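Here is the structure we will look at.
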Amino acid sequence: MKTIIITDEEYLDYADRDESHFFDLKSREISPQKIQRAAVAFSNADGGEIVVGIKDKKTGLPPEDRWEAIPNIETLNDHLQVLFAVDPPLEIQYEIIKRDSCDGYALRILIEKGSLVCTTADGKVYVRQGSQSLPLQSAERIQQLTFAKGAKSYEDMCIEECAPEQIVDSEELASFLLDYSPKTDPLEFVINQNLLDYKTWHPRIASALLFHDIPSAVVPRKCAIKITRYETKEDDPERDHLANQYTIEGPSYKIIHESVTKITEIMSAIDVWTADGRKRLEYPPEAIWETVVNAVIHRDYSISDDIQILIFDDRIEILSPGKLPGYVNVENILDARFSRNPKMVRTLNRYKDPPNRDLGEGLNTTFQKMKEFGLKNPIIEEKGNYLSVILPHAPLAAPTVAIMKFLESHEEITNKQARDITGIKSENLMKIEFYKLRDEGHIELVPGKTSGPRSAWHLTNKGKAYNKSKKTN
């Protein structure tokens, strides 16, 4: 059994880590059955790591008092035996941790995502959700998990043409390991994390996507991000509407950051009409971030196409290659959990500043932030072999409310301006909203601007009084 020596600083990194979807701390007093339960839960989810011999934060103890110093290695045999008793077998690695300044040991267990549904000795199925190992109570949920396991992920395929040194000696891996605990040799890390086939030494697709300097050069499928700016609101833009196109390449962590930066830069040059007047195109930053992260970590890399990010005057559309996996569908996508690329997801979550910090909450966060920003909900659709997520730049408020708000600070409003601020594309449908306010006595046509493209509306005395009363209230 391998033993690694860690410094006090590395120990504190373990002790201060929050328990998560991928990480669990266990007291040395934990029963072997509970260790088995946690390991099964990780295997049935996306894999993870268990450390036995360090108490978690919930004890309220300072970090130094949470080291439990298991006196001898033989004490851990019972914990290991129950792991090997799981059916079907768990795919695990384990090692002993010893602090260089203290007596005693801890046990570190690395569990891969299983290709089959595992059960504990008492026949129960557990799955990791957030920081908990929860039982699946219904036969239907267990059946869904069975379907979700499916075939082996494309990220596990090996790249014969890529030398292992291109991953092991990469700048991105070196940068990642600077903040990784315990301090680990690059070759040891990629082998332990099953990112390299230890028999052939061929890198797996996941390792190239995560750490190769230019993954597109070695991955046999397109895997970059293309950002396209169309100067239109049309559903089917023409070539004349194409303003700019950018290709973002590099390791996954970098392309997420660089893509969000480029999207923000493009939007800063777009002016749109809003209920508050002419303003720069803005979205909640969290909504853009979470949608890009979701596309990168959950896309189907077996499909040879790049992620497409299309920026229009009234929306952003992100097209991610691949249909929704397993039992996930458009209706349950905010509640269901399925990871097509667990190695990528798990490794990105180990960065010092992980892009997928709130794992499983990405699209939920997008919906919440759009609502808080006063914008309509994202639109999620499957389009052929792609998942489309549209972030509409349209107010959550009713069109009539948006019109009245605009007229609080503007003398008049045209049909085109109203369509811009409400997201309504039809001129005739926009007229219907104007007529509603006209029939309520709040607006009227501006004299001299009653027909044609120059036609405009302004507030009546009743409308002015209504807006004034809203401000007072």
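How things are named: the first chain in the structure tokens is A, the next is B, and so on; residues count from 1 in each chain; ligands count from 1 in the order shown.
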
* Asked: Residues of segment 21-255 of chain A in strand (DSSP E) according to DSSP, as number ranges by chain?
  -> A: 23-26, 48-52, 92-99, 106-111, 126-129, 132-135, 225-230, 242-248

Take the residues from that selection and put them in a file with C-alpha atoms, as a PDB file, in the first residue's frame.
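Writing the result to again-v1.pdb gives the following:
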```pdb
ATOM      1  CA  PHE A  23     -15.033  15.220  -1.863  1.00  0.00           C
ATOM      2  CA  ASP A  24     -15.833  13.756   1.553  1.00  0.00           C
ATOM      3  CA  LEU A  25     -13.996  13.760   4.887  1.00  0.00           C
ATOM      4  CA  LYS A  26     -14.628  10.910   7.317  1.00  0.00           C
ATOM      5  CA  GLY A  48     -14.813  11.426  -6.146  1.00  0.00           C
ATOM      6  CA  GLU A  49     -12.416  11.310  -3.220  1.00  0.00           C
ATOM      7  CA  ILE A  50     -12.797  10.176   0.393  1.00  0.00           C
ATOM      8  CA  VAL A  51     -10.279  10.858   3.158  1.00  0.00           C
ATOM      9  CA  VAL A  52     -10.671   8.783   6.326  1.00  0.00           C
ATOM     10  CA  ILE A  92     -10.778   2.617  -6.955  1.00  0.00           C
ATOM     11  CA  GLN A  93      -7.250   3.577  -6.007  1.00  0.00           C
ATOM     12  CA  TYR A  94      -6.094   4.175  -2.451  1.00  0.00           C
ATOM     13  CA  GLU A  95      -3.049   5.411  -0.552  1.00  0.00           C
ATOM     14  CA  ILE A  96      -1.962   6.151   2.995  1.00  0.00           C
ATOM     15  CA  ILE A  97      -1.396   9.766   4.043  1.00  0.00           C
ATOM     16  CA  LYS A  98       1.141  10.571   6.754  1.00  0.00           C
ATOM     17  CA  ARG A  99       1.919  14.046   8.083  1.00  0.00           C
ATOM     18  CA  ALA A 106      -5.155   8.767   7.130  1.00  0.00           C
ATOM     19  CA  LEU A 107      -6.598   6.834   4.203  1.00  0.00           C
ATOM     20  CA  ARG A 108      -7.237   8.514   0.839  1.00  0.00           C
ATOM     21  CA  ILE A 109      -9.587   6.725  -1.569  1.00  0.00           C
ATOM     22  CA  LEU A 110     -10.117   7.793  -5.211  1.00  0.00           C
ATOM     23  CA  ILE A 111     -13.299   6.425  -6.814  1.00  0.00           C
ATOM     24  CA  TYR A 126     -26.830   5.521  -3.161  1.00  0.00           C
ATOM     25  CA  VAL A 127     -25.871   8.472  -5.328  1.00  0.00           C
ATOM     26  CA  ARG A 128     -23.825  11.571  -4.546  1.00  0.00           C
ATOM     27  CA  GLN A 129     -25.760  14.837  -4.692  1.00  0.00           C
ATOM     28  CA  GLN A 132     -24.558  14.165   0.591  1.00  0.00           C
ATOM     29  CA  SER A 133     -24.791  10.458  -0.224  1.00  0.00           C
ATOM     30  CA  LEU A 134     -28.496   9.908  -0.730  1.00  0.00           C
ATOM     31  CA  PRO A 135     -30.436   6.671  -1.275  1.00  0.00           C
ATOM     32  CA  ILE A 225     -15.540  27.719 -29.316  1.00  0.00           C
ATOM     33  CA  LYS A 226     -16.679  29.949 -32.174  1.00  0.00           C
ATOM     34  CA  ILE A 227     -18.228  33.307 -31.290  1.00  0.00           C
ATOM     35  CA  THR A 228     -20.201  35.042 -34.043  1.00  0.00           C
ATOM     36  CA  ARG A 229     -21.694  38.523 -33.959  1.00  0.00           C
ATOM     37  CA  TYR A 230     -24.784  39.134 -36.134  1.00  0.00           C
ATOM     38  CA  LEU A 242     -22.343  38.870 -40.120  1.00  0.00           C
ATOM     39  CA  ALA A 243     -20.126  41.407 -38.385  1.00  0.00           C
ATOM     40  CA  ASN A 244     -17.323  39.389 -36.772  1.00  0.00           C
ATOM     41  CA  GLN A 245     -16.349  35.837 -35.931  1.00  0.00           C
ATOM     42  CA  TYR A 246     -13.771  34.628 -33.429  1.00  0.00           C
ATOM     43  CA  THR A 247     -12.331  31.191 -32.640  1.00  0.00           C
ATOM     44  CA  ILE A 248     -11.260  30.479 -29.063  1.00  0.00           C
TER      45      ILE A 248
END
```

* Please provide as number ranges by chain all residues within 9 Å of Leu459 of chain A, with the sequence filter that same-chain residues fewer than 6 positions apart are discarded (counting only C-alpha atoms). => A: 404, 407-408, 411-412, 441-445

Using the selection just defined, write its residues with C-alpha atoms as a PDB file, in the first residue's frame.
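Resulting contents of selection.pdb:
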```
ATOM      1  CA  MET A 404     -45.087  53.074 -19.661  1.00  0.00           C
ATOM      2  CA  LEU A 407     -42.413  57.095 -21.300  1.00  0.00           C
ATOM      3  CA  GLU A 408     -41.458  58.101 -17.757  1.00  0.00           C
ATOM      4  CA  GLU A 411     -41.579  62.307 -24.628  1.00  0.00           C
ATOM      5  CA  GLU A 412     -42.717  59.692 -27.149  1.00  0.00           C
ATOM      6  CA  GLY A 441     -56.641  56.243 -21.707  1.00  0.00           C
ATOM      7  CA  HIS A 442     -52.911  56.218 -20.880  1.00  0.00           C
ATOM      8  CA  ILE A 443     -51.435  57.052 -24.317  1.00  0.00           C
ATOM      9  CA  GLU A 444     -52.426  58.672 -27.605  1.00  0.00           C
ATOM     10  CA  LEU A 445     -50.864  59.212 -31.007  1.00  0.00           C
TER      11      LEU A 445
END
```

* Asked: With only C-alpha atoms as the atoms that count, which of A:Ser469, A:Pro71, A:Leu363, A:Thr347 lies nearest to Leu177 of chain A?
  ->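 Using only C-alpha atoms, Leu177 of chain A sits closest to A:Thr347.
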
* Tell me which of A:Gly104, A:Gly384, A:Gly130, A:Pro220 sits closest to Lys323 of chain A, counting only C-alpha atoms. =>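 Using only C-alpha atoms, the shortest distance to Lys323 of chain A belongs to A:Gly384.
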
* For Phe434 of chain A, the nearest of the candidates A:Ser455, A:Pro63, A:Asp213, A:Arg141, counting only C-alpha atoms ->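 Among A:Ser455, A:Pro63, A:Asp213, A:Arg141, it is A:Ser455 that comes nearest to Phe434 of chain A.
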
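Of the listed residues (A:Pro215, A:Gly114, A:Gly60, A:Pro392), A:Pro215 comes nearest to Ser170 of chain A; the distances count only C-alpha atoms.
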
* Asked: Of the candidates A:Leu61, A:Val401, A:Leu209, A:Leu319, which shows the shortest atom-to-atom distance to Ile379 of chain A, using only C-alpha atoms?
  -> A:Leu319
